[in-house]
file data32.cif (mmCIF, C-alpha atoms)
data_data
loop_
_atom_site.label_atom_id
_atom_site.label_comp_id
_atom_site.auth_asym_id
_atom_site.auth_seq_id
_atom_site.Cartn_x
_atom_site.Cartn_y
_atom_site.Cartn_z
CA MET A 1 -81.52 71.23 -48.93
CA ALA A 2 -81.67 67.57 -47.92
CA SER A 3 -81.24 65.09 -50.75
CA ARG A 4 -83.93 62.82 -49.34
CA ARG A 5 -86.22 62.24 -46.39
CA VAL A 6 -86.51 59.14 -44.17
CA ASP A 7 -88.85 58.24 -41.36
CA TYR A 8 -86.22 56.77 -39.04
CA LEU A 9 -82.52 57.62 -38.84
CA LEU A 10 -80.44 55.46 -36.50
CA ILE A 11 -77.06 57.05 -35.82
CA GLY A 12 -74.46 54.53 -34.65
CA GLY A 13 -73.55 51.09 -35.96
CA GLY A 14 -73.72 49.11 -32.74
CA LEU A 15 -76.13 46.72 -31.10
CA ALA A 16 -78.52 49.39 -29.78
CA SER A 17 -79.21 50.71 -33.28
CA ALA A 18 -79.45 47.19 -34.70
CA ASN A 19 -81.99 46.05 -32.14
CA CYS A 20 -83.91 49.28 -32.54
CA ALA A 21 -84.15 48.65 -36.28
CA ARG A 22 -85.27 45.09 -35.64
CA TRP A 23 -88.06 46.12 -33.25
CA LEU A 24 -89.23 48.95 -35.46
CA ARG A 25 -89.84 46.46 -38.26
CA GLU A 26 -91.24 43.72 -36.02
CA GLU A 27 -93.71 46.16 -34.46
CA GLY A 28 -95.00 47.43 -37.78
CA ALA A 29 -92.89 50.44 -38.77
CA ASP A 30 -93.29 50.64 -42.52
CA GLY A 31 -91.37 53.81 -43.38
CA ASP A 32 -87.88 54.35 -44.72
CA LEU A 33 -85.24 53.32 -42.20
CA VAL A 34 -81.52 54.14 -42.42
CA LEU A 35 -78.81 52.93 -40.02
CA VAL A 36 -75.48 54.78 -40.19
CA GLY A 37 -72.32 53.25 -38.68
CA ARG A 38 -68.69 54.31 -38.95
CA GLU A 39 -67.23 50.80 -38.64
CA PRO A 40 -66.56 48.67 -41.74
CA ASP A 41 -68.64 45.82 -40.36
CA PRO A 42 -72.42 45.60 -39.90
CA PRO A 43 -73.60 45.71 -36.26
CA TYR A 44 -72.16 42.89 -34.18
CA ASN A 45 -71.91 41.62 -30.61
CA ARG A 46 -68.93 43.48 -29.19
CA PRO A 47 -68.29 41.15 -26.19
CA ASN A 48 -66.91 38.52 -28.58
CA CYS A 49 -63.92 40.78 -29.27
CA SER A 50 -62.22 39.83 -25.99
CA LYS A 51 -63.34 36.22 -25.91
CA GLY A 52 -63.83 33.56 -28.57
CA TYR A 53 -63.16 35.83 -31.53
CA LEU A 54 -59.91 37.10 -30.02
CA ARG A 55 -58.74 33.52 -29.50
CA GLY A 56 -59.53 32.63 -33.11
CA GLU A 57 -62.31 30.23 -32.13
CA GLU A 58 -65.02 32.15 -33.99
CA SER A 59 -65.33 33.29 -37.59
CA ARG A 60 -65.99 36.93 -38.39
CA GLU A 61 -69.62 36.04 -39.15
CA GLU A 62 -70.39 34.55 -35.74
CA PRO A 63 -70.51 37.83 -33.75
CA MET A 64 -72.77 39.50 -36.33
CA PHE A 65 -76.18 40.68 -35.16
CA ARG A 66 -77.90 39.20 -38.22
CA PRO A 67 -76.78 37.61 -41.52
CA ALA A 68 -75.97 40.02 -44.34
CA GLU A 69 -79.16 39.26 -46.28
CA TRP A 70 -81.38 40.10 -43.27
CA TRP A 71 -80.87 43.84 -43.68
CA ASP A 72 -82.22 43.81 -47.23
CA GLU A 73 -85.07 41.49 -46.29
CA GLN A 74 -86.14 43.93 -43.57
CA ARG A 75 -85.74 46.95 -45.89
CA ILE A 76 -83.15 48.51 -43.61
CA GLU A 77 -80.62 50.65 -45.44
CA LEU A 78 -77.29 49.95 -43.75
CA LEU A 79 -74.51 52.48 -44.34
CA THR A 80 -71.16 51.24 -43.01
CA ARG A 81 -67.92 53.26 -43.02
CA THR A 82 -70.14 56.33 -42.70
CA SER A 83 -70.43 58.96 -39.98
CA VAL A 84 -72.97 61.65 -39.25
CA THR A 85 -70.81 64.77 -39.22
CA SER A 86 -73.48 67.26 -38.13
CA LEU A 87 -77.01 67.26 -36.87
CA ASP A 88 -79.52 70.11 -37.15
CA VAL A 89 -82.27 69.29 -34.68
CA ALA A 90 -84.41 72.29 -35.69
CA ALA A 91 -84.37 71.45 -39.39
CA ARG A 92 -84.28 67.73 -38.53
CA THR A 93 -81.46 67.05 -40.94
CA ALA A 94 -78.23 65.09 -40.68
CA LYS A 95 -75.15 65.53 -42.85
CA LEU A 96 -73.18 62.37 -43.62
CA SER A 97 -69.45 62.00 -44.16
CA GLY A 98 -70.01 61.68 -47.91
CA ASP A 99 -71.73 65.11 -47.87
CA GLU A 100 -75.18 63.62 -48.36
CA GLU A 101 -77.83 65.33 -46.24
CA ILE A 102 -80.84 63.41 -44.93
CA GLU A 103 -84.03 64.82 -43.48
CA PHE A 104 -85.63 62.63 -40.83
CA ASP A 105 -88.75 62.45 -38.71
CA LYS A 106 -87.40 60.44 -35.76
CA ALA A 107 -83.81 59.64 -34.85
CA LEU A 108 -81.80 57.49 -32.48
CA LEU A 109 -78.47 58.67 -31.10
CA SER A 110 -76.38 55.60 -30.37
CA THR A 111 -72.81 56.67 -31.04
CA GLY A 112 -71.33 54.47 -28.31
CA ALA A 113 -68.02 55.19 -26.62
CA ASN A 114 -64.36 55.63 -27.46
CA VAL A 115 -61.52 53.95 -25.59
CA ARG A 116 -59.69 56.08 -23.07
CA ARG A 117 -56.14 56.48 -24.40
CA LEU A 118 -53.08 56.90 -22.23
CA ASN A 119 -50.60 59.69 -22.86
CA VAL A 120 -47.37 58.51 -21.24
CA PRO A 121 -43.78 58.31 -22.49
CA GLY A 122 -43.48 55.56 -25.08
CA CYS A 123 -47.20 55.39 -25.82
CA ASP A 124 -46.49 55.66 -29.56
CA LEU A 125 -44.36 52.51 -29.68
CA GLU A 126 -45.54 49.62 -31.81
CA GLN A 127 -47.22 46.55 -30.28
CA ILE A 128 -49.37 48.68 -27.93
CA PHE A 129 -53.04 47.87 -28.48
CA TYR A 130 -56.51 48.99 -27.43
CA LEU A 131 -59.58 46.80 -27.80
CA ARG A 132 -62.97 48.04 -28.94
CA THR A 133 -63.67 46.55 -32.36
CA LEU A 134 -63.28 43.33 -34.33
CA GLY A 135 -60.44 45.03 -36.20
CA ASN A 136 -58.68 45.70 -32.89
CA ALA A 137 -59.10 42.02 -31.96
CA ASP A 138 -57.59 41.01 -35.31
CA ALA A 139 -54.60 43.27 -34.68
CA ILE A 140 -54.05 41.90 -31.16
CA ARG A 141 -54.29 38.29 -32.27
CA GLU A 142 -51.78 38.90 -35.04
CA GLY A 143 -49.56 41.05 -32.82
CA VAL A 144 -49.19 38.41 -30.08
CA SER A 145 -48.86 35.41 -32.38
CA ASP A 146 -45.07 35.19 -32.02
CA VAL A 147 -44.57 36.77 -28.57
CA GLU A 148 -44.40 35.33 -25.09
CA ASP A 149 -44.86 38.23 -22.64
CA VAL A 150 -47.99 40.39 -22.73
CA VAL A 151 -48.80 43.11 -20.19
CA LEU A 152 -52.37 44.24 -19.61
CA ILE A 153 -52.93 47.75 -18.26
CA GLY A 154 -56.15 47.85 -16.22
CA GLY A 155 -57.84 45.33 -13.96
CA SER A 156 -61.45 45.60 -15.05
CA TYR A 157 -63.44 43.72 -17.71
CA ILE A 158 -61.13 44.21 -20.68
CA GLY A 159 -57.89 43.61 -18.78
CA CYS A 160 -59.15 40.45 -17.11
CA GLU A 161 -60.95 38.99 -20.13
CA VAL A 162 -58.06 39.60 -22.52
CA ALA A 163 -55.57 38.23 -19.99
CA ALA A 164 -57.64 35.07 -19.69
CA SER A 165 -58.00 34.70 -23.46
CA LEU A 166 -54.30 35.25 -24.16
CA ALA A 167 -53.28 32.95 -21.31
CA MET A 168 -55.37 30.25 -22.99
CA LEU A 169 -53.28 30.88 -26.11
CA GLY A 170 -50.14 30.15 -24.11
CA LYS A 171 -48.98 33.72 -23.45
CA ARG A 172 -47.38 34.86 -20.19
CA CYS A 173 -49.78 37.57 -19.09
CA THR A 174 -49.28 40.23 -16.43
CA ILE A 175 -51.91 42.73 -15.26
CA VAL A 176 -50.90 46.14 -13.87
CA MET A 177 -53.70 48.10 -12.21
CA GLN A 178 -54.45 50.89 -9.76
CA GLU A 179 -56.90 48.77 -7.78
CA GLN A 180 -55.68 46.39 -5.10
CA HIS A 181 -57.67 43.51 -6.59
CA THR A 182 -59.10 42.82 -10.03
CA LEU A 183 -62.69 43.97 -10.67
CA GLU A 184 -63.01 45.34 -7.14
CA ARG A 185 -64.26 48.78 -8.19
CA GLY A 186 -67.58 47.33 -9.23
CA PHE A 187 -67.79 44.32 -6.95
CA GLY A 188 -65.77 45.05 -3.81
CA SER A 189 -62.61 43.52 -2.44
CA ARG A 190 -64.07 40.16 -1.42
CA ALA A 191 -65.21 39.37 -4.95
CA GLY A 192 -62.08 41.01 -6.34
CA ARG A 193 -59.84 38.66 -4.39
CA PHE A 194 -61.74 35.67 -5.73
CA PHE A 195 -61.39 36.71 -9.37
CA GLN A 196 -57.75 37.59 -8.91
CA GLN A 197 -57.04 34.18 -7.39
CA LEU A 198 -58.89 32.59 -10.31
CA LEU A 199 -56.66 34.41 -12.78
CA GLU A 200 -53.49 33.74 -10.83
CA GLY A 201 -54.40 30.07 -10.54
CA HIS A 202 -54.21 29.91 -14.33
CA GLY A 203 -50.85 31.63 -14.57
CA VAL A 204 -51.81 35.31 -14.89
CA ARG A 205 -49.59 37.54 -12.74
CA VAL A 206 -51.29 40.53 -11.12
CA HIS A 207 -49.69 43.69 -9.74
CA GLY A 208 -52.24 45.79 -7.89
CA SER A 209 -52.02 49.20 -6.19
CA ASP A 210 -49.61 50.35 -8.87
CA GLU A 211 -49.74 52.51 -11.97
CA LEU A 212 -48.16 52.75 -15.38
CA GLU A 213 -45.20 55.16 -15.54
CA ARG A 214 -43.94 54.64 -19.11
CA PHE A 215 -43.23 52.24 -21.92
CA GLU A 216 -39.71 51.52 -23.13
CA GLY A 217 -38.43 49.99 -26.33
CA ASP A 218 -36.69 50.65 -29.62
CA GLY A 219 -39.50 51.13 -32.13
CA SER A 220 -41.57 48.40 -30.51
CA VAL A 221 -42.47 48.10 -26.83
CA ALA A 222 -40.07 45.97 -24.80
CA ARG A 223 -40.73 46.94 -21.17
CA VAL A 224 -43.45 48.38 -18.98
CA ILE A 225 -42.21 50.59 -16.14
CA THR A 226 -44.56 51.24 -13.23
CA ARG A 227 -44.58 54.04 -10.70
CA GLY A 228 -43.93 51.41 -8.06
CA GLY A 229 -40.61 50.58 -9.73
CA LEU A 230 -41.50 47.38 -11.57
CA GLN A 231 -39.79 46.68 -14.88
CA LEU A 232 -41.90 44.15 -16.73
CA PRO A 233 -40.85 42.51 -20.00
CA ALA A 234 -43.50 43.13 -22.63
CA GLN A 235 -43.44 42.20 -26.28
CA ALA A 236 -47.04 43.39 -26.52
CA VAL A 237 -49.32 45.54 -24.35
CA VAL A 238 -53.12 45.72 -24.26
CA ILE A 239 -54.62 48.77 -22.55
CA GLY A 240 -58.07 48.59 -21.00
CA VAL A 241 -58.62 51.64 -18.82
CA GLY A 242 -62.21 52.45 -19.65
CA VAL A 243 -64.10 54.38 -22.29
CA MET A 244 -65.59 57.82 -22.78
CA PRO A 245 -69.12 58.29 -24.15
CA ASP A 246 -69.04 59.72 -27.66
CA VAL A 247 -71.47 62.62 -27.23
CA GLN A 248 -69.72 65.15 -29.47
CA LEU A 249 -72.38 65.00 -32.17
CA ALA A 250 -75.16 65.46 -29.62
CA GLN A 251 -73.34 68.32 -27.89
CA ARG A 252 -72.76 70.20 -31.13
CA ALA A 253 -76.43 69.81 -31.96
CA GLY A 254 -77.50 71.29 -28.61
CA VAL A 255 -78.94 68.09 -27.16
CA ALA A 256 -78.76 68.16 -23.35
CA ILE A 257 -75.92 66.24 -21.66
CA GLY A 258 -76.30 64.88 -18.13
CA GLU A 259 -74.05 64.83 -15.07
CA ARG A 260 -72.84 61.29 -15.89
CA GLY A 261 -71.61 62.47 -19.27
CA GLY A 262 -74.35 60.96 -21.41
CA VAL A 263 -77.23 62.25 -23.50
CA ARG A 264 -79.86 63.20 -20.93
CA CYS A 265 -83.04 61.22 -21.50
CA SER A 266 -86.39 60.55 -19.94
CA ALA A 267 -87.41 57.11 -18.68
CA ARG A 268 -88.66 56.51 -22.24
CA LEU A 269 -85.18 57.24 -23.62
CA GLU A 270 -86.28 60.44 -25.35
CA SER A 271 -83.70 63.22 -25.29
CA SER A 272 -84.27 66.90 -24.60
CA VAL A 273 -85.26 67.23 -28.26
CA PRO A 274 -88.66 65.69 -29.05
CA ARG A 275 -88.58 62.61 -31.30
CA ILE A 276 -84.83 62.19 -30.88
CA PHE A 277 -83.98 59.23 -28.67
CA ALA A 278 -80.73 57.80 -27.29
CA ALA A 279 -79.56 54.29 -26.45
CA GLY A 280 -76.49 52.38 -25.35
CA ASP A 281 -73.32 53.76 -23.79
CA ILE A 282 -74.27 57.42 -24.33
CA CYS A 283 -77.79 57.16 -22.91
CA GLU A 284 -78.21 58.73 -19.45
CA TYR A 285 -81.82 57.99 -18.60
CA ASP A 286 -84.18 58.31 -15.64
CA SER A 287 -84.19 54.73 -14.37
CA VAL A 288 -87.51 53.51 -13.04
CA VAL A 289 -85.65 50.63 -11.44
CA HIS A 290 -83.48 53.08 -9.49
CA GLY A 291 -86.31 55.31 -8.31
CA GLY A 292 -85.94 57.78 -11.15
CA THR A 293 -82.22 58.33 -10.58
CA PRO A 294 -80.34 59.09 -13.81
CA VAL A 295 -78.03 56.21 -14.77
CA ARG A 296 -75.64 55.63 -17.66
CA ILE A 297 -74.36 52.10 -18.17
CA GLU A 298 -71.76 50.77 -20.58
CA HIS A 299 -72.66 47.18 -21.26
CA TRP A 300 -73.87 44.99 -24.11
CA ASP A 301 -77.15 43.83 -22.58
CA VAL A 302 -78.20 47.36 -21.61
CA ALA A 303 -77.58 48.63 -25.15
CA PHE A 304 -79.50 45.69 -26.57
CA ASN A 305 -82.57 46.35 -24.42
CA HIS A 306 -82.35 50.11 -24.91
CA GLY A 307 -82.79 49.47 -28.62
CA LYS A 308 -86.13 47.79 -28.07
CA THR A 309 -87.44 50.45 -25.69
CA ALA A 310 -86.40 53.25 -28.04
CA ALA A 311 -88.10 51.54 -30.99
CA LEU A 312 -91.36 51.09 -29.12
CA ASN A 313 -91.40 54.73 -28.05
CA MET A 314 -90.58 55.90 -31.57
CA LEU A 315 -93.83 54.11 -32.43
CA GLY A 316 -95.69 56.04 -29.74
CA ARG A 317 -96.07 53.24 -27.18
CA ASP A 318 -95.15 55.49 -24.22
CA MET A 319 -93.20 52.76 -22.39
CA PRO A 320 -90.58 53.47 -19.71
CA HIS A 321 -87.41 51.41 -19.75
CA VAL A 322 -87.93 48.96 -16.89
CA GLU A 323 -85.21 46.35 -17.49
CA VAL A 324 -82.89 45.76 -14.53
CA PRO A 325 -79.39 46.27 -16.00
CA TYR A 326 -77.52 43.01 -16.48
CA PHE A 327 -73.78 42.50 -16.91
CA PHE A 328 -71.63 39.47 -17.61
CA SER A 329 -67.97 38.69 -18.02
CA VAL A 330 -66.32 35.47 -19.17
CA LEU A 331 -62.80 34.62 -18.00
CA GLY A 332 -61.63 32.19 -20.66
CA ASP A 333 -63.14 28.80 -20.03
CA TRP A 334 -62.56 29.16 -16.29
CA GLY A 335 -65.93 30.62 -15.40
CA GLU A 336 -68.50 33.36 -16.00
CA LEU A 337 -69.64 36.09 -13.65
CA GLU A 338 -73.08 37.69 -13.90
CA TYR A 339 -74.33 40.83 -12.23
CA VAL A 340 -77.53 42.84 -11.92
CA GLY A 341 -77.74 46.35 -10.54
CA PRO A 342 -75.69 48.38 -10.58
CA ALA A 343 -75.04 49.15 -6.92
CA TYR A 344 -73.24 52.47 -7.12
CA GLU A 345 -72.94 52.46 -3.32
CA TRP A 346 -73.51 49.80 -0.69
CA ASP A 347 -72.93 49.43 3.03
CA GLU A 348 -73.43 45.67 3.39
CA GLU A 349 -72.57 42.53 1.46
CA VAL A 350 -74.46 39.29 2.05
CA MET A 351 -72.81 36.14 0.69
CA ARG A 352 -74.89 33.20 -0.45
CA GLY A 353 -72.74 30.16 -1.11
CA SER A 354 -68.97 30.21 -0.87
CA THR A 355 -66.03 31.65 -2.79
CA ASP A 356 -63.99 28.67 -1.55
CA GLU A 357 -66.32 26.36 -3.45
CA GLY A 358 -66.46 28.70 -6.45
CA LYS A 359 -70.26 28.98 -6.37
CA PHE A 360 -71.65 32.11 -4.75
CA THR A 361 -73.88 35.14 -4.99
CA ILE A 362 -73.07 38.42 -3.25
CA PHE A 363 -76.03 40.72 -2.57
CA TYR A 364 -75.10 44.39 -2.25
CA LEU A 365 -77.36 46.32 0.15
CA GLN A 366 -77.70 49.98 1.03
CA ASP A 367 -79.76 50.70 4.17
CA GLY A 368 -81.12 47.17 4.01
CA VAL A 369 -82.27 47.49 0.37
CA VAL A 370 -80.84 45.21 -2.33
CA LYS A 371 -79.10 47.42 -4.90
CA GLY A 372 -77.17 44.80 -6.86
CA ALA A 373 -76.12 41.16 -6.96
CA LEU A 374 -73.08 39.37 -8.35
CA THR A 375 -73.16 35.65 -9.02
CA PHE A 376 -70.59 33.07 -10.05
CA GLY A 377 -72.04 29.64 -10.67
CA ARG A 378 -75.46 30.47 -9.19
CA SER A 379 -77.35 32.02 -12.10
CA ASP A 380 -80.72 30.95 -10.69
CA ASP A 381 -80.34 33.61 -7.99
CA LEU A 382 -80.46 36.43 -10.54
CA ASP A 383 -84.21 36.51 -11.14
CA HIS A 384 -84.79 36.82 -7.41
CA ALA A 385 -82.16 39.56 -7.25
CA ARG A 386 -83.90 41.46 -10.06
CA ARG A 387 -87.17 41.28 -8.17
CA LEU A 388 -85.64 42.48 -4.92
CA ILE A 389 -83.89 45.37 -6.69
CA THR A 390 -87.18 46.38 -8.32
CA GLU A 391 -89.14 46.12 -5.06
CA ALA A 392 -86.54 48.42 -3.43
CA VAL A 393 -87.77 47.96 0.13
CA PRO A 394 -85.69 47.37 3.30
CA LEU A 395 -85.51 43.66 4.05
CA GLY A 396 -85.05 44.07 7.80
CA ASN A 397 -84.34 40.75 9.47
CA ALA A 398 -85.03 38.96 6.20
CA ARG A 399 -81.66 40.06 4.85
CA ASP A 400 -79.98 37.36 6.91
CA ALA A 401 -82.00 34.80 4.96
CA LEU A 402 -80.33 35.94 1.75
CA GLY A 403 -77.18 34.13 2.79
CA ASN A 404 -78.90 31.01 4.10
CA LEU A 405 -78.85 28.25 1.48
CA ASP A 406 -81.72 26.55 3.31
CA THR A 407 -83.95 29.56 2.56
CA ASP A 408 -85.82 29.73 -0.73
CA LEU A 409 -85.18 33.19 -2.17
CA ALA A 410 -88.76 33.17 -3.44
CA ASP A 411 -89.83 33.50 0.20
CA ILE A 412 -88.02 36.84 0.64
CA GLY A 413 -89.44 40.24 -0.27
CA VAL A 414 -92.68 42.07 -0.91
CA GLU A 415 -94.12 39.58 -3.38
CA SER A 416 -93.58 36.79 -0.88
CA ASP A 417 -95.32 38.82 1.85
CA VAL A 418 -98.26 39.42 -0.48
CA ARG A 419 -98.57 35.74 -1.30
CA ARG A 420 -98.46 34.81 2.37
CA ALA A 421 -101.14 37.41 3.17
CA GLU A 422 -103.37 36.08 0.40
CA ARG A 423 -103.09 32.58 1.83
#
call {"tool": "encode", "arguments": {"input": "data32.cif", "output": "structure tokens"}}
result
Amino acid sequence: MASRRVDYLLIGGGLASANCARWLREEGADGDLVLVGREPDPPYNRPNCSKGYLRGEESREEPMFRPAEWWDEQRIELLTRTSVTSLDVAARTAKLSGDEEIEFDKALLSTGANVRRLNVPGCDLEQIFYLRTLGNADAIREGVSDVEDVVLIGGSYIGCEVAASLAMLGKRCTIVMQEQHTLERGFGSRAGRFFQQLLEGHGVRVHGSDELERFEGDGSVARVITRGGLQLPAQAVVIGVGVMPDVQLAQRAGVAIGERGGVRCSARLESSVPRIFAAGDICEYDSVVHGGTPVRIEHWDVAFNHGKTAALNMLGRDMPHVEVPYFFSVLGDWGELEYVGPAYEWDEEVMRGSTDEGKFTIFYLQDGVVKGALTFGRSDDLDHARRLITEAVPLGNARDALGNLDTDLADIGVESDVRRAER
């Protein structure tokens, strides 16, 4: 028998749960609210782990979602260092790691993702790091304090951001990756070449179209050996090869899992079990923006906005999640990329601006429809990109105007046609 009953149980200690709790209170939820997280820290902004916090420029308090006293003021019971070990969706009970059992009315599943770990010879050597938490960032900062050569495995967000941060700390950084160019899997080779040149221009060495073979060293890593035959000195290694959604709790409870590996949800972020919602990295939802196609996205801003949508629907507002997913990545103090989409597939890229000048937007089109947009130094283009993605209509000849700096983006698309017709 459950030891107590609560109105709202938020499972997961990340930003999605935190923002859900915030919006529940701000929109009038007056019942008992418990947030359960396995990390030792209260919910915080995870992107800081590879940026300012990793470089030692930020205190531990700066990434926090809210000050410590806020949780008590909002009457949110925050349980850190605690996991939900089992979930009975029929009885609507959850068992916690301390053996307490809680009965709930509505719940949020927001268990996030776990880093993908490599199983290669030498993977158990010391000075090999993964980055997901503030604690991981602490370990990396301490581990590289007295070293010179750091190898990054993976050429996506984590590999590039950590390489930039550590290069700013004076480390000799080398990236090894399967892709030919950094970040090209999400943005294509043209953008990938630009970001790789940006990194290389600041001293980061990049080895593409290669793969990790093994680590070598006596107790602590000393060399990285690639399948292409490279032998790279490494007094520390940071691995960033993606994450896996943590859906084990949901699976054991019988909650439906989708083809993209996440908890299958409606456009309102409700799972296959009524009154149990999902948010963040594990949420695979019917995206209104993408014509009802199920999407699952691993990024800070998406988790943040999922939290709000889930909270509103827990309160019976019946609101689909309509935010166009937004991504960003900061490469040291050398520049910030921003992206809306995502474009899972595209057959055309339209460049607005110039990579040579370091200020550009690339629109990704499929059959003449804008599916995504990447910008570097042209943030004002993003709102227009969001609108075009939402309108989801073929641009026809107007797509050439996307790349013309003399054309106002406000004059492209359905809304512009409507305004012209009204005039």
call {"tool": "resolve_selection", "arguments": {"input": "data32.cif", "expression": "the PyMOL selection byres ((chain A and resi 134) around 9)", "output": "compact mmCIF listing (two decimals) with C-alpha atoms, in the coordinates of the input"}}
result
# COMPACT_ATOMS: atom_id res chain seq x y z
CA ASP A 41 -68.64 45.82 -40.36
CA TYR A 44 -72.16 42.89 -34.18
CA ARG A 46 -68.93 43.48 -29.19
CA ASN A 48 -66.91 38.52 -28.58
CA CYS A 49 -63.92 40.78 -29.27
CA TYR A 53 -63.16 35.83 -31.53
CA LEU A 54 -59.91 37.10 -30.02
CA ARG A 60 -65.99 36.93 -38.39
CA LEU A 131 -59.58 46.80 -27.80
CA ARG A 132 -62.97 48.04 -28.94
CA THR A 133 -63.67 46.55 -32.36
CA GLY A 135 -60.44 45.03 -36.20
CA ASN A 136 -58.68 45.70 -32.89
CA ALA A 137 -59.10 42.02 -31.96
CA ASP A 138 -57.59 41.01 -35.31
CA ALA A 139 -54.60 43.27 -34.68
call {"tool": "resolve_selection", "arguments": {"input": "data32.cif", "expression": "the PyMOL selection byres ((chain A and resi 221) around 10)", "output": "list in words"}}
result
Gly122, Cys123, Asp124, Leu125, Glu126, Gln127, Ile128, Phe215, Glu216, Gly217, Asp218, Gly219, Ser220, Ala222, Arg223, Val224, Pro233, Ala234, Gln235, Ala236 and Val237 of chain A
call {"tool": "resolve_selection", "arguments": {"input": "data32.cif", "expression": "the PyMOL selection byres ((chain A and resi 116) around 8)", "output": "ChimeraX atom specification"}}
result
/A:114-115,117-118,240-244
call {"tool": "residues_around", "arguments": {"input": "data32.cif", "residues": "Gly341 in chain A", "least_positions_apart": "6", "cutoff": "7 Å", "atoms": "only C-alpha atoms", "output": "PyMOL selection string"}}
result
chain A and resi 324-326+371-373
call {"tool": "write_last_selection", "arguments": {"input": "data32.cif", "atoms": "C-alpha atoms", "output": "PDB file, keeping the file's coordinate frame"}}
result
ATOM      1  CA  VAL A 324     -82.890  45.760 -14.530  1.00  0.00           C
ATOM      2  CA  PRO A 325     -79.390  46.270 -16.000  1.00  0.00           C
ATOM      3  CA  TYR A 326     -77.520  43.010 -16.480  1.00  0.00           C
ATOM      4  CA  LYS A 371     -79.100  47.420  -4.900  1.00  0.00           C
ATOM      5  CA  GLY A 372     -77.170  44.800  -6.860  1.00  0.00           C
ATOM      6  CA  ALA A 373     -76.120  41.160  -6.960  1.00  0.00           C
TER       7      ALA A 373
END
call {"tool": "atom_distance", "arguments": {"input": "data32.cif", "atom1": "CA of Gln196 in chain A", "atom2": "CA of Gly154 in chain A"}}
result
12.7 Å
call {"tool": "closest_residue", "arguments": {"input": "data32.cif", "among": "A:Arg214, A:Lys106, A:Arg190, A:His290", "to": "Glu270 in chain A", "atoms": "only C-alpha atoms"}}
result
A:Lys106
call {"tool": "closest_residue", "arguments": {"input": "data32.cif", "among": "A:Val322, A:Leu315, A:Val84, A:Ala278", "to": "Gly292 in chain A", "atoms": "all atoms listed in the file"}}
result
A:Val322
call {"tool": "residues_near_point", "arguments": {"input": "data32.cif", "point": "(-87.1, 48.2, -26.9)", "cutoff": "12 Å", "atoms": "all atoms listed in the file", "output": "MDAnalysis selection string"}}
result
chainID A and resid 15:27 268:269 277:280 301:323
call {"tool": "closest_residue", "arguments": {"input": "data32.cif", "among": "A:Gly208, A:Gly262, A:Gly56, A:Gly188", "to": "Gly155 in chain A", "atoms": "all atoms listed in the file"}}
result
A:Gly208
call {"tool": "closest_residue", "arguments": {"input": "data32.cif", "among": "A:Ile282, A:Ile257, A:Ile11, A:Val176", "to": "Gln231 in chain A", "atoms": "all atoms listed in the file"}}
result
A:Val176
call {"tool": "closest_residue", "arguments": {"input": "data32.cif", "among": "A:Leu337, A:Val147, A:Ala392, A:Leu152", "to": "Lys171 in chain A", "atoms": "all atoms listed in the file"}}
result
A:Val147
call {"tool": "closest_residue", "arguments": {"input": "data32.cif", "among": "A:Glu57, A:Asp149, A:Gly98, A:Gly37", "to": "Ser110 in chain A", "atoms": "only C-alpha atoms"}}
result
A:Gly37
call {"tool": "atom_distance", "arguments": {"input": "data32.cif", "atom1": "CA of Val350 in chain A", "atom2": "CA of Val288 in chain A"}}
result
24.5 Å
call {"tool": "build_atoms", "arguments": {"input": "data32.cif", "residues": "range 259-265 of chain A", "atoms": "N, CA, C and O atoms", "output": "PDB file, keeping the file's coordinate frame"}}
result
ATOM      1  N   GLU A 259     -75.182  64.776 -15.994  1.00  0.00           N
ATOM      2  CA  GLU A 259     -74.050  64.830 -15.070  1.00  0.00           C
ATOM      3  C   GLU A 259     -73.144  63.611 -15.199  1.00  0.00           C
ATOM      4  O   GLU A 259     -71.969  63.673 -14.840  1.00  0.00           O
ATOM      5  N   ARG A 260     -73.656  62.498 -15.694  1.00  0.00           N
ATOM      6  CA  ARG A 260     -72.840  61.290 -15.890  1.00  0.00           C
ATOM      7  C   ARG A 260     -72.198  61.258 -17.273  1.00  0.00           C
ATOM      8  O   ARG A 260     -71.625  60.254 -17.665  1.00  0.00           O
ATOM      9  N   GLY A 261     -72.311  62.352 -17.996  1.00  0.00           N
ATOM     10  CA  GLY A 261     -71.610  62.470 -19.270  1.00  0.00           C
ATOM     11  C   GLY A 261     -72.340  61.949 -20.471  1.00  0.00           C
ATOM     12  O   GLY A 261     -71.791  61.928 -21.574  1.00  0.00           O
ATOM     13  N   GLY A 262     -73.594  61.517 -20.305  1.00  0.00           N
ATOM     14  CA  GLY A 262     -74.350  60.960 -21.410  1.00  0.00           C
ATOM     15  C   GLY A 262     -75.426  61.900 -21.916  1.00  0.00           C
ATOM     16  O   GLY A 262     -75.666  62.973 -21.350  1.00  0.00           O
ATOM     17  N   VAL A 263     -76.093  61.500 -22.988  1.00  0.00           N
ATOM     18  CA  VAL A 263     -77.230  62.250 -23.500  1.00  0.00           C
ATOM     19  C   VAL A 263     -78.376  62.106 -22.521  1.00  0.00           C
ATOM     20  O   VAL A 263     -78.828  60.993 -22.233  1.00  0.00           O
ATOM     21  N   ARG A 264     -78.840  63.223 -21.990  1.00  0.00           N
ATOM     22  CA  ARG A 264     -79.860  63.200 -20.930  1.00  0.00           C
ATOM     23  C   ARG A 264     -81.212  62.819 -21.506  1.00  0.00           C
ATOM     24  O   ARG A 264     -81.714  63.470 -22.423  1.00  0.00           O
ATOM     25  N   CYS A 265     -81.799  61.756 -20.959  1.00  0.00           N
ATOM     26  CA  CYS A 265     -83.040  61.220 -21.500  1.00  0.00           C
ATOM     27  C   CYS A 265     -84.074  60.976 -20.401  1.00  0.00           C
ATOM     28  O   CYS A 265     -83.750  60.801 -19.230  1.00  0.00           O
TER      29      CYS A 265
END
